[in-house]
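Q: This one is final-v3.cif, mmCIF, C-alpha atoms.
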data_query
#
loop_
_atom_site.label_atom_id
_atom_site.label_comp_id
_atom_site.auth_asym_id
_atom_site.auth_seq_id
_atom_site.Cartn_x
_atom_site.Cartn_y
_atom_site.Cartn_z
CA MET Z 24 0.00 0.00 0.00
CA LEU Z 25 1.38 3.35 -1.06
CA GLU Z 26 2.06 5.60 1.88
CA LEU Z 27 1.42 9.27 1.25
CA PRO Z 28 3.83 11.79 2.76
CA VAL Z 29 2.61 13.52 5.87
CA LEU Z 30 2.14 17.19 5.14
CA GLN Z 31 3.26 19.55 7.87
CA PRO Z 32 0.70 22.21 8.69
CA GLU Z 33 1.66 25.77 7.84
CA PRO Z 34 2.73 27.72 10.93
CA GLN Z 35 0.15 30.05 12.39
CA TYR Z 36 1.33 33.62 11.87
CA VAL Z 37 -0.21 35.96 14.42
CA CYS Z 38 1.14 39.48 14.76
CA PRO Z 39 1.91 40.63 18.32
CA GLY Z 40 -1.16 42.20 19.90
CA GLU Z 41 -3.56 40.69 17.37
CA ASP Z 42 -5.88 37.70 17.92
CA TYR Z 43 -6.29 36.45 14.36
CA ALA Z 44 -3.98 34.46 12.12
CA ILE Z 45 -2.57 35.68 8.82
CA SER Z 46 -1.18 33.72 5.88
CA ARG Z 47 2.51 33.35 5.20
CA ALA Z 48 2.15 35.58 2.16
CA VAL Z 49 0.74 38.38 4.33
CA HIS Z 50 3.50 37.73 6.89
CA LEU Z 51 6.19 38.16 4.20
CA SER Z 52 4.53 41.23 2.74
CA ARG Z 53 4.41 42.85 6.17
CA LEU Z 54 8.09 42.06 6.71
CA ALA Z 55 8.94 43.61 3.35
CA ALA Z 56 6.94 46.72 4.27
CA PHE Z 57 8.77 46.99 7.65
CA TYR Z 58 5.55 46.59 9.60
CA PRO Z 59 6.37 47.84 13.15
CA LYS Z 60 4.89 44.80 14.93
CA CYS Z 61 7.29 42.54 13.03
CA ARG Z 62 10.10 43.72 15.30
CA GLU Z 63 8.62 41.75 18.20
CA CYS Z 64 7.30 38.79 16.20
CA VAL Z 65 8.71 35.32 16.88
CA HIS Z 66 8.55 34.63 13.13
CA ARG Z 67 10.54 37.73 12.13
CA HIS Z 68 13.48 35.56 11.03
CA ASP Z 69 11.31 33.62 8.56
CA THR Z 70 12.22 35.74 5.52
CA SER Z 71 11.91 33.03 2.83
CA GLN Z 72 12.87 34.39 -0.60
CA LEU Z 73 12.81 38.09 0.24
CA ALA Z 74 15.52 40.13 -1.47
CA VAL Z 75 18.87 40.26 0.33
CA GLN Z 76 18.69 44.06 0.61
CA THR Z 77 15.24 43.81 2.23
CA VAL Z 78 16.46 41.22 4.75
CA GLU Z 79 19.44 43.43 5.64
CA HIS Z 80 17.07 46.38 6.22
CA ILE Z 81 14.88 44.20 8.44
CA ASP Z 82 17.87 43.04 10.48
CA ALA Z 83 19.14 46.60 10.89
CA SER Z 84 15.68 47.76 11.94
CA ASN Z 85 15.46 44.97 14.51
CA ARG Z 86 18.87 45.88 15.92
CA ARG Z 87 17.87 49.53 16.28
CA ALA Z 88 14.61 48.54 17.96
CA ALA Z 89 16.49 46.31 20.40
CA ARG Z 90 18.75 49.16 21.53
CA THR Z 91 17.70 50.74 24.81
CA THR Z 92 20.34 53.49 24.87
CA LEU Z 93 22.36 55.66 22.51
CA PHE Z 94 25.47 55.09 24.63
CA THR Z 95 27.89 52.58 23.13
CA ASP Z 96 31.25 51.26 24.32
CA GLU Z 97 33.13 54.30 22.99
CA GLY Z 98 30.63 57.14 22.94
CA VAL Z 99 27.16 57.99 21.63
CA ARG Z 100 25.78 56.73 18.31
CA GLY Z 101 22.35 56.96 16.68
CA ILE Z 102 20.46 57.54 13.46
CA TYR Z 103 20.41 61.25 12.64
CA LEU Z 104 16.97 62.81 13.33
CA ASN Z 105 15.36 59.42 14.06
CA GLU Z 106 17.40 58.90 17.22
CA LEU Z 107 19.84 61.77 17.60
CA THR Z 108 18.94 65.42 16.95
CA ALA Z 109 20.69 68.69 17.71
CA THR Z 110 18.47 69.05 20.80
CA LYS Z 111 19.30 65.57 22.05
CA ALA Z 112 23.02 66.07 21.37
CA GLY Z 113 22.84 69.30 23.36
CA GLU Z 114 21.20 67.55 26.30
CA ILE Z 115 23.96 64.93 26.36
CA ALA Z 116 26.61 67.67 26.11
CA GLY Z 117 24.94 69.43 29.02
CA ALA Z 118 25.15 66.28 31.16
CA PHE Z 119 28.85 66.09 30.31
CA ALA Z 120 29.33 69.76 31.19
CA SER Z 121 27.69 69.24 34.59
CA LEU Z 122 30.33 66.60 35.36
CA LEU Z 123 33.10 68.98 34.30
CA TRP Z 124 31.84 71.63 36.69
CA GLU Z 125 32.21 69.20 39.58
CA ALA Z 126 35.96 69.16 38.86
CA THR Z 127 36.15 72.94 38.53
CA PRO Z 128 37.98 74.77 41.38
CA LEU Z 129 35.58 75.61 44.20
CA GLU Z 130 36.26 79.35 44.18
CA ILE Z 131 34.94 79.61 40.62
CA ARG Z 132 31.72 77.79 41.51
CA THR Z 133 30.98 79.68 44.73
CA PRO Z 134 28.04 82.12 44.38
CA ASP Z 135 29.75 84.74 46.60
CA SER Z 136 32.81 84.81 44.37
CA VAL Z 137 30.56 85.29 41.34
CA ALA Z 138 28.70 88.16 42.99
CA ASN Z 139 31.88 89.90 44.13
CA SER Z 140 33.65 89.49 40.81
CA MET Z 141 33.74 92.36 38.33
CA SER Z 142 33.69 89.93 35.42
CA LYS Z 143 31.95 86.69 34.54
CA PRO Z 144 33.58 83.56 35.97
CA GLN Z 145 35.59 81.40 33.61
CA GLY Z 146 34.13 77.93 33.37
CA PRO Z 147 35.90 74.83 32.02
CA GLN Z 148 37.30 75.08 28.50
CA VAL Z 149 35.84 72.54 26.08
CA VAL Z 150 37.15 71.94 22.55
CA ILE Z 151 34.51 71.00 19.99
CA ALA Z 152 35.01 69.53 16.52
CA HIS Z 153 33.06 67.57 13.94
CA ASP Z 154 33.59 65.12 11.10
CA GLU Z 155 32.48 65.59 7.48
CA ARG Z 156 29.09 63.87 7.65
CA PRO Z 157 26.29 66.18 6.41
CA SER Z 158 24.52 65.95 9.77
CA SER Z 159 27.54 67.06 11.80
CA PRO Z 160 27.22 70.89 11.47
CA ASP Z 161 23.65 70.72 12.80
CA LEU Z 162 24.59 68.64 15.82
CA ILE Z 163 27.72 70.63 16.69
CA THR Z 164 25.58 73.77 16.77
CA GLY Z 165 23.31 72.16 19.37
CA VAL Z 166 26.31 70.98 21.39
CA ALA Z 167 27.99 74.41 21.39
CA LYS Z 168 24.79 76.20 22.39
CA ILE Z 169 24.23 74.09 25.50
CA LEU Z 170 27.91 74.10 26.49
CA ARG Z 171 27.87 77.92 26.48
CA ARG Z 172 24.63 77.92 28.45
CA MET Z 173 26.27 75.60 30.99
CA GLY Z 174 29.07 78.15 31.45
CA CYS Z 175 31.76 76.30 29.48
CA GLN Z 176 34.29 78.26 27.42
CA VAL Z 177 33.90 76.75 23.94
CA ILE Z 178 36.80 76.49 21.49
CA ASP Z 179 35.61 75.41 18.04
CA ILE Z 180 38.25 73.85 15.78
CA GLY Z 181 35.71 72.98 13.08
CA LEU Z 182 36.14 70.03 10.73
CA ALA Z 183 38.85 67.75 12.12
CA THR Z 184 39.98 64.16 12.25
CA ARG Z 185 39.85 62.38 15.60
CA PRO Z 186 43.67 62.51 15.99
CA CYS Z 187 43.66 66.24 15.21
CA PHE Z 188 40.84 66.74 17.72
CA TRP Z 189 42.85 64.92 20.42
CA PHE Z 190 45.91 67.01 19.53
CA ALA Z 191 43.90 70.23 19.93
CA VAL Z 192 42.51 69.27 23.35
CA ASP Z 193 46.02 68.64 24.63
CA HIS Z 194 47.64 71.62 22.87
CA LEU Z 195 45.04 74.07 24.22
CA LYS Z 196 45.20 72.52 27.72
CA ALA Z 197 41.42 72.25 27.66
CA ALA Z 198 39.42 70.54 30.40
CA ALA Z 199 37.69 68.31 27.87
CA GLY Z 200 36.51 67.92 24.29
CA ILE Z 201 33.45 66.76 22.34
CA GLN Z 202 33.57 65.67 18.72
CA VAL Z 203 30.46 65.06 16.64
CA ALA Z 204 31.30 61.95 14.60
CA GLY Z 205 29.66 58.77 13.36
CA SER Z 206 32.81 56.73 12.75
CA GLY Z 207 32.28 53.00 12.45
CA HIS Z 208 28.74 53.33 11.11
CA ASP Z 209 26.84 53.96 7.89
CA PRO Z 210 26.30 57.55 6.61
CA ALA Z 211 22.87 57.92 8.23
CA TRP Z 212 24.42 57.56 11.68
CA THR Z 213 26.06 60.22 13.80
CA GLY Z 214 27.19 60.57 17.40
CA LEU Z 215 29.38 62.14 20.06
CA ASP Z 216 32.89 61.25 21.26
CA PHE Z 217 34.25 62.63 24.54
CA VAL Z 218 37.74 63.17 25.94
CA LEU Z 219 39.07 64.63 29.18
CA ALA Z 220 42.13 66.82 29.74
CA GLY Z 221 45.20 65.40 28.02
CA ALA Z 222 42.90 63.78 25.43
CA ILE Z 223 42.03 60.81 27.65
CA PRO Z 224 39.13 59.04 25.87
CA ILE Z 225 35.88 58.65 27.78
CA GLU Z 226 34.38 55.19 27.29
CA ARG Z 227 32.10 52.71 28.98
CA ASP Z 228 34.98 51.57 31.20
CA ASN Z 229 35.53 54.99 32.79
CA ARG Z 230 33.24 58.07 32.79
CA LEU Z 231 30.69 57.34 30.05
CA PRO Z 232 28.15 55.69 32.41
CA GLU Z 233 28.29 58.82 34.57
CA ILE Z 234 27.23 60.96 31.61
CA ALA Z 235 24.37 58.56 30.86
CA SER Z 236 23.30 58.57 34.51
CA ARG Z 237 23.43 62.37 34.74
CA LEU Z 238 21.37 62.63 31.54
CA ALA Z 239 18.73 60.26 32.93
CA SER Z 240 18.49 61.85 36.38
CA GLY Z 241 18.66 65.45 35.20
CA TYR Z 242 21.10 68.26 35.90
CA GLN Z 243 20.98 71.96 36.69
CA ARG Z 244 22.61 74.96 35.11
CA PRO Z 245 25.67 75.76 37.32
CA MET Z 246 25.29 79.57 37.05
CA ARG Z 247 23.15 82.17 35.37
CA PHE Z 248 25.93 83.40 33.07
CA SER Z 249 26.47 82.01 29.59
CA ALA Z 250 30.05 81.67 28.43
CA GLY Z 251 31.71 82.62 25.15
CA GLN Z 252 32.94 80.80 22.09
CA ARG Z 253 35.97 81.26 19.85
CA THR Z 254 37.52 79.45 16.91
CA PHE Z 255 40.98 77.98 16.64
CA HIS Z 256 42.70 76.70 13.49
CA CYS Z 257 44.53 73.63 14.69
CA GLY Z 258 45.25 71.95 11.35
CA PRO Z 259 48.63 73.59 10.57
CA LEU Z 260 50.01 72.84 14.06
CA TYR Z 261 48.79 69.26 13.89
CA GLU Z 262 50.36 68.67 10.47
CA ALA Z 263 53.61 70.28 11.59
CA SER Z 264 53.80 67.79 14.46
CA LEU Z 265 53.56 64.95 11.90
CA ARG Z 266 55.93 66.30 9.29
CA LYS Z 267 59.07 65.46 11.25
CA HIS Z 268 58.26 61.76 10.89
CA PHE Z 269 58.25 61.88 7.08
CA HIS Z 270 61.94 62.13 6.19
CA ALA Z 271 64.81 59.98 4.87
CA LEU Z 272 62.42 57.67 3.03
CA ARG Z 273 63.08 55.54 -0.04
CA PRO Z 274 60.83 56.18 -3.07
CA LEU Z 275 57.98 53.85 -2.15
CA LYS Z 276 54.66 53.46 -3.90
CA VAL Z 277 51.76 53.43 -1.41
CA CYS Z 278 48.17 52.45 -2.16
CA LEU Z 279 45.87 54.41 0.17
CA GLY Z 280 42.19 53.88 0.88
CA CYS Z 281 40.30 56.08 3.33
CA PRO Z 282 36.67 57.31 3.38
CA SER Z 283 37.61 60.44 5.38
CA ARG Z 284 38.52 63.40 3.17
CA PRO Z 285 40.30 65.32 5.99
CA VAL Z 286 42.57 62.31 6.63
CA ARG Z 287 43.32 61.96 2.91
CA ASP Z 288 44.05 65.68 2.58
CA VAL Z 289 46.56 65.58 5.44
CA ILE Z 290 48.41 62.65 3.87
CA VAL Z 291 48.43 64.24 0.41
CA ARG Z 292 49.99 67.42 1.82
CA LEU Z 293 52.60 65.43 3.75
CA PHE Z 294 53.53 63.52 0.57
CA GLU Z 295 53.94 66.65 -1.59
CA LYS Z 296 57.68 66.97 -0.94
CA LEU Z 297 58.45 63.26 -0.66
CA ALA Z 298 59.88 60.96 -3.28
CA CYS Z 299 57.11 58.51 -2.39
CA GLN Z 300 54.08 58.07 -4.65
CA LEU Z 301 50.55 58.01 -3.25
CA ILE Z 302 47.90 56.01 -5.15
CA PRO Z 303 44.32 56.63 -3.96
CA VAL Z 304 41.66 53.91 -3.89
CA THR Z 305 38.05 55.09 -3.63
CA ILE Z 306 36.48 53.87 -0.38
CA PRO Z 307 32.89 54.79 0.61
CA THR Z 308 31.69 55.86 4.06
CA ARG Z 309 30.05 52.81 5.63
CA ALA Z 310 30.31 50.32 8.46
CA ARG Z 311 33.04 47.80 7.62
CA LYS Z 312 35.04 44.94 9.08
CA ILE Z 313 38.38 46.50 8.31
CA LEU Z 314 40.44 43.51 9.47
CA SER Z 315 38.43 40.93 7.51
CA SER Z 316 39.60 39.60 4.15
CA GLU Z 317 35.92 39.13 3.21
CA ASP Z 318 35.05 42.82 3.50
CA ILE Z 319 34.45 44.47 0.12
CA ASP Z 320 36.77 47.39 0.92
CA THR Z 321 39.54 45.00 1.89
CA GLN Z 322 39.15 43.32 -1.48
CA ARG Z 323 39.24 46.72 -3.22
CA MET Z 324 42.55 47.44 -1.54
CA GLN Z 325 44.00 44.07 -2.48
CA GLN Z 326 43.08 44.67 -6.12
CA GLY Z 327 44.53 48.19 -6.00
CA VAL Z 328 47.88 47.06 -4.60
CA LEU Z 329 48.21 44.44 -7.35
CA GLN Z 330 46.94 46.69 -10.15
CA TYR Z 331 49.36 49.52 -9.40
CA ALA Z 332 52.27 47.30 -8.25
CA ALA Z 333 52.45 49.19 -4.94
CA HIS Z 334 55.02 48.41 -2.29
CA PHE Z 335 52.19 48.19 0.25
CA GLY Z 336 48.64 49.30 0.87
CA LEU Z 337 46.95 51.01 3.83
CA LEU Z 338 43.20 51.07 4.47
CA ILE Z 339 42.25 53.66 7.10
CA ASP Z 340 38.81 53.64 8.70
CA ASP Z 341 36.86 56.89 9.06
CA ASP Z 342 38.01 57.36 12.68
CA GLY Z 343 41.50 58.17 11.32
CA GLN Z 344 42.95 55.59 13.72
CA THR Z 345 42.03 51.99 12.89
CA CYS Z 346 43.78 50.61 9.81
CA SER Z 347 44.65 47.44 7.93
CA VAL Z 348 47.89 46.87 6.03
CA PHE Z 349 48.60 44.93 2.82
CA ASP Z 350 51.97 43.73 1.51
CA GLU Z 351 53.17 44.01 -2.09
CA ARG Z 352 51.25 40.81 -2.98
CA GLY Z 353 47.98 42.28 -1.76
CA GLU Z 354 47.95 40.00 1.28
CA LEU Z 355 46.18 41.32 4.37
CA ILE Z 356 48.76 41.35 7.18
CA PRO Z 357 47.64 40.28 10.68
CA PRO Z 358 47.72 43.20 13.16
CA ARG Z 359 50.05 41.25 15.45
CA GLN Z 360 52.74 41.25 12.76
CA ILE Z 361 52.29 44.96 12.15
CA SER Z 362 52.51 45.57 15.92
CA LEU Z 363 55.78 43.65 16.08
CA LEU Z 364 57.19 45.54 13.09
CA LEU Z 365 56.24 48.93 14.53
CA ALA Z 366 57.59 47.98 17.96
CA GLU Z 367 60.89 47.11 16.28
CA VAL Z 368 60.98 50.56 14.62
CA VAL Z 369 60.36 52.24 17.97
CA LEU Z 370 62.97 50.12 19.77
CA ALA Z 371 65.50 50.91 17.05
CA GLU Z 372 65.08 54.58 17.94
CA VAL Z 373 65.23 54.14 21.72
CA ARG Z 374 66.41 50.83 23.16
CA HIS Z 375 64.76 49.48 26.31
CA SER Z 376 61.56 51.39 25.57
CA ARG Z 377 58.38 50.24 27.26
CA ILE Z 378 55.79 48.62 25.01
CA VAL Z 379 52.10 48.15 25.85
CA LEU Z 380 50.38 45.08 24.40
CA GLU Z 381 46.68 44.34 24.21
CA GLN Z 382 45.85 41.31 26.34
CA SER Z 383 44.66 39.21 23.38
CA ALA Z 384 48.04 39.46 21.62
CA SER Z 385 50.39 39.59 24.60
CA ALA Z 386 51.37 35.89 24.61
CA ALA Z 387 52.33 35.93 20.93
CA LEU Z 388 54.31 39.19 21.08
CA LEU Z 389 55.82 39.11 24.56
CA ARG Z 390 58.87 36.97 23.76
CA PRO Z 391 59.79 38.61 20.40
CA ILE Z 392 59.67 42.08 21.96
CA ASP Z 393 61.62 40.91 25.00
CA ARG Z 394 64.37 39.67 22.65
CA ARG Z 395 64.52 43.19 21.22
CA ASP Z 396 65.19 44.71 24.66
CA GLY Z 397 61.67 46.01 25.14
CA PHE Z 398 59.85 46.13 28.47
CA VAL Z 399 56.22 45.06 28.16
CA ALA Z 400 53.07 46.14 29.99
CA MET Z 401 49.60 44.66 29.45
CA SER Z 402 46.33 46.45 28.80
CA ASP Z 403 42.78 45.90 27.64
CA ALA Z 404 42.20 46.86 24.01
CA ASN Z 405 39.86 49.81 24.63
CA ARG Z 406 41.21 53.31 24.01
CA TRP Z 407 40.93 54.52 27.60
CA SER Z 408 42.89 51.56 28.97
CA ILE Z 409 45.62 51.87 26.35
CA ALA Z 410 46.03 55.63 26.84
CA THR Z 411 46.08 55.29 30.63
CA THR Z 412 48.52 52.37 30.65
CA MET Z 413 50.87 54.16 28.26
CA ARG Z 414 50.94 57.19 30.54
CA GLU Z 415 51.52 55.15 33.69
CA ALA Z 416 54.25 53.03 32.07
CA ASP Z 417 55.73 55.92 30.07
CA ALA Z 418 55.47 53.60 27.07
CA ALA Z 419 56.67 54.45 23.58
CA PHE Z 420 54.32 52.17 21.64
CA ALA Z 421 51.14 50.11 22.03
CA GLY Z 422 49.57 47.56 19.71
CA GLY Z 423 47.94 44.18 19.41
CA ASP Z 424 44.99 42.74 17.50
CA SER Z 425 42.70 45.76 17.20
CA GLY Z 426 44.31 47.48 14.20
CA ARG Z 427 45.00 50.55 16.34
CA TYR Z 428 48.65 51.48 16.85
CA TRP Z 429 49.72 54.01 19.48
CA PHE Z 430 52.86 56.14 19.71
CA ARG Z 431 54.22 58.47 22.36
CA GLU Z 432 54.06 62.04 21.13
CA ALA Z 433 53.13 64.87 23.51
CA ILE Z 434 50.39 62.45 24.61
CA PRO Z 435 49.73 58.77 23.82
CA THR Z 436 48.57 59.12 20.22
CA CYS Z 437 46.64 56.70 18.05
CA ASP Z 438 46.90 58.13 14.53
CA ALA Z 439 46.86 56.20 11.25
CA VAL Z 440 49.01 58.94 9.68
CA LEU Z 441 51.72 58.20 12.24
CA THR Z 442 51.30 54.49 11.51
CA LEU Z 443 51.89 55.24 7.83
CA ALA Z 444 55.05 57.20 8.68
CA LYS Z 445 56.45 54.35 10.77
CA LEU Z 446 55.68 51.80 8.04
CA LEU Z 447 57.54 53.96 5.52
CA GLN Z 448 60.47 54.14 7.93
CA ALA Z 449 60.47 50.35 8.40
CA LEU Z 450 60.57 49.72 4.65
CA SER Z 451 63.20 52.42 4.06
CA ARG Z 452 65.82 50.59 6.12
CA SER Z 453 66.46 48.22 3.18
CA ASP Z 454 65.39 47.54 -0.40
CA ALA Z 455 63.50 44.38 0.58
CA ASP Z 456 59.85 43.80 -0.23
CA PHE Z 457 57.30 44.14 2.55
CA SER Z 458 56.71 40.37 2.72
CA VAL Z 459 60.46 39.78 3.09
CA VAL Z 460 60.73 42.37 5.87
CA LEU Z 461 57.91 40.64 7.74
CA SER Z 462 59.50 37.23 7.29
CA ARG Z 463 62.60 38.48 9.14
CA LEU Z 464 60.69 39.44 12.27
#
Just dump the structure as structure tokens.
A:
Amino acid sequence: MLELPVLQPEPQYVCPGEDYAISRAVHLSRLAAFYPKCRECVHRHDTSQLAVQTVEHIDASNRRAARTTLFTDEGVRGIYLNELTATKAGEIAGAFASLLWEATPLEIRTPDSVANSMSKPQGPQVVIAHDERPSSPDLITGVAKILRRMGCQVIDIGLATRPCFWFAVDHLKAAAGIQVAGSGHDPAWTGLDFVLAGAIPIERDNRLPEIASRLASGYQRPMRFSAGQRTFHCGPLYEASLRKHFHALRPLKVCLGCPSRPVRDVIVRLFEKLACQLIPVTIPTRARKILSSEDIDTQRMQQGVLQYAAHFGLLIDDDGQTCSVFDERGELIPPRQISLLLAEVVLAEVRHSRIVLEQSASAALLRPIDRRDGFVAMSDANRWSIATTMREADAAFAGGDSGRYWFREAIPTCDAVLTLAKLLQALSRSDADFSVVLSRL
């Protein structure tokens, strides 16, 4: 007797909050239309044959819906207008300013001293800057307005890379800094990055939760006076601090990819008087896995290095800090190898220098650096931990698996332009190819 296959009943699709079932076709059509209730539906992952772009939009929408806060590990991030407006950015900046006032000398904050003073009291100085995203000028206006209202002396350096912003905070001896930037995310996103005096990054592991808590609980205006605002052109000073690293270099051909125009412009100006040749590769602004060989921008760089027969390639993310490196064969080089190469360059300049290693890479790099007369300290990979550990250990370099490489300038500095300079120096010590230089480590 022929046995007929047992047909499985079609799942019952019921939207959250509704008491009637819908067909699978209606379920899929609602998913494709980004029906709000789909975000909470247990069947939201049943996407069948929907277009890949539609599925990606659904996933992104679900991730946004699942977020309960704009505060991330390294700052504030959100969709412009949908999640983060100029008003909201100002409120967050105000919470930050209220924390700064707590560290302000008591005599400035005392009402009697304000009343007896012939001039307005000078509140904490805060440097502000922004990246090149179209939403940034709107948000920085909201940030500056509230900072002035909170009695902070605002110094606006305008459009700047993150390394330039850090340089300005330290150079101006400011109490803190806020940069409007959406680095690490797609163009629709924006956000706020914070640093304290000496350009110490504020992250989840130090003061960022305090800002979030102050924002949630509310804060008061510290005085009835509003403070002033001035501009400062930091770019020339920042570039001058980098120029000394670009000298005595062999005529190398470098393939460069970077979505940030300010970062590219700095490098182009630094290369103007060099014998080196800079070959640009067009890289869009988007979220990327910069250390993955499967990322489309990584593949663009590999093709560019091979097409133009470059000595090496450098892909810089839009934060101006994180980067990936490619040898003359277009091979993506593991960050641990780059860290070891850069540590060797630093130790060649000053023997017995202290080196900070991220915990994940410490076991692999500890012995090679020890053989090169380097003293090693350990740190977590986040920016605050690295910067703090470098200061405490008086370290000359820090690296590991993150793709961020730190050098001791006036302050611990993570700057992809400095990384480029050190790579050029490493390859200028001989005529060997990049892959050969790495094989000798």
Q: Could you give me, as a Markdown table, a per-residue list for stretch 252-362 of chain Z showing, wherever an atom lies at most 9 Å from an atom of stretch 382-395 of chain Z, the closest pair of atoms and their distance in Å to one decimal, using all atoms listed in the file and sorting by chain then residue number from low to high?
A:
| residue | atom | partner | partner_atom | distance |
| --- | --- | --- | --- | --- |
| Z:Arg359 | CA | Z:Ala384 | CA | 6.7 |
| Z:Gln360 | CA | Z:Leu388 | CA | 8.7 |
| Z:Ser362 | CA | Z:Leu388 | CA | 8.4 |
Q: Please dump the current selection as an mmCIF file, keeping the file's coordinate frame; keep C-alpha atoms.
A:
data_model
loop_
_atom_site.group_PDB
_atom_site.id
_atom_site.type_symbol
_atom_site.label_atom_id
_atom_site.label_comp_id
_atom_site.auth_asym_id
_atom_site.auth_seq_id
_atom_site.Cartn_x
_atom_site.Cartn_y
_atom_site.Cartn_z
ATOM 1 C CA ARG Z 359 50.050 41.250 15.450
ATOM 2 C CA GLN Z 360 52.740 41.250 12.760
ATOM 3 C CA SER Z 362 52.510 45.570 15.920
#
Q: Quick one: which residues end up in the PyMOL selection byres ((chain Z and resi 231) around 12) for this structure, as a ChimeraX atom specification?
A: /Z:93-99,115-116,118-119,122,215-219,224-230,232-238,407
Q: How many Å separate atom CA of Z:Glu125 from atom CA of Z:Gly101?
A: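 Calculated distance between atom CA of Z:Glu125 and atom CA of Z:Gly101 is 27.8 Å.
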Q: Using only C-alpha atoms, which of Z:Trp212, Z:Phe294, Z:Tyr428, Z:Phe420 sits nearest Z:Lys276?
A: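 Of all the options, Z:Phe294 lies closest to Z:Lys276.
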Q: Identify all residues satisfying the PyMOL selection byres ((chain Z and resi 432) around 12) in the given file; provide them as a VMD selection string.
A: chain Z and resid 186 189 to 190 193 to 194 221 261 264 to 265 267 to 268 410 413 to 414 417 to 420 429 to 431 433 to 438 441
Q: Next, dump the selected residues to file, keeping only C-alpha atoms, as a compact mmCIF listing (two decimals), keeping the file's coordinate frame.
A:
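Output file part_26.txt follows:
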# COMPACT_ATOMS: atom_id res chain seq x y z
CA PRO Z 186 43.67 62.51 15.99
CA TRP Z 189 42.85 64.92 20.42
CA PHE Z 190 45.91 67.01 19.53
CA ASP Z 193 46.02 68.64 24.63
CA HIS Z 194 47.64 71.62 22.87
CA GLY Z 221 45.20 65.40 28.02
CA TYR Z 261 48.79 69.26 13.89
CA SER Z 264 53.80 67.79 14.46
CA LEU Z 265 53.56 64.95 11.90
CA LYS Z 267 59.07 65.46 11.25
CA HIS Z 268 58.26 61.76 10.89
CA ALA Z 410 46.03 55.63 26.84
CA MET Z 413 50.87 54.16 28.26
CA ARG Z 414 50.94 57.19 30.54
CA ASP Z 417 55.73 55.92 30.07
CA ALA Z 418 55.47 53.60 27.07
CA ALA Z 419 56.67 54.45 23.58
CA PHE Z 420 54.32 52.17 21.64
CA TRP Z 429 49.72 54.01 19.48
CA PHE Z 430 52.86 56.14 19.71
CA ARG Z 431 54.22 58.47 22.36
CA ALA Z 433 53.13 64.87 23.51
CA ILE Z 434 50.39 62.45 24.61
CA PRO Z 435 49.73 58.77 23.82
CA THR Z 436 48.57 59.12 20.22
CA CYS Z 437 46.64 56.70 18.05
CA ASP Z 438 46.90 58.13 14.53
CA LEU Z 441 51.72 58.20 12.24
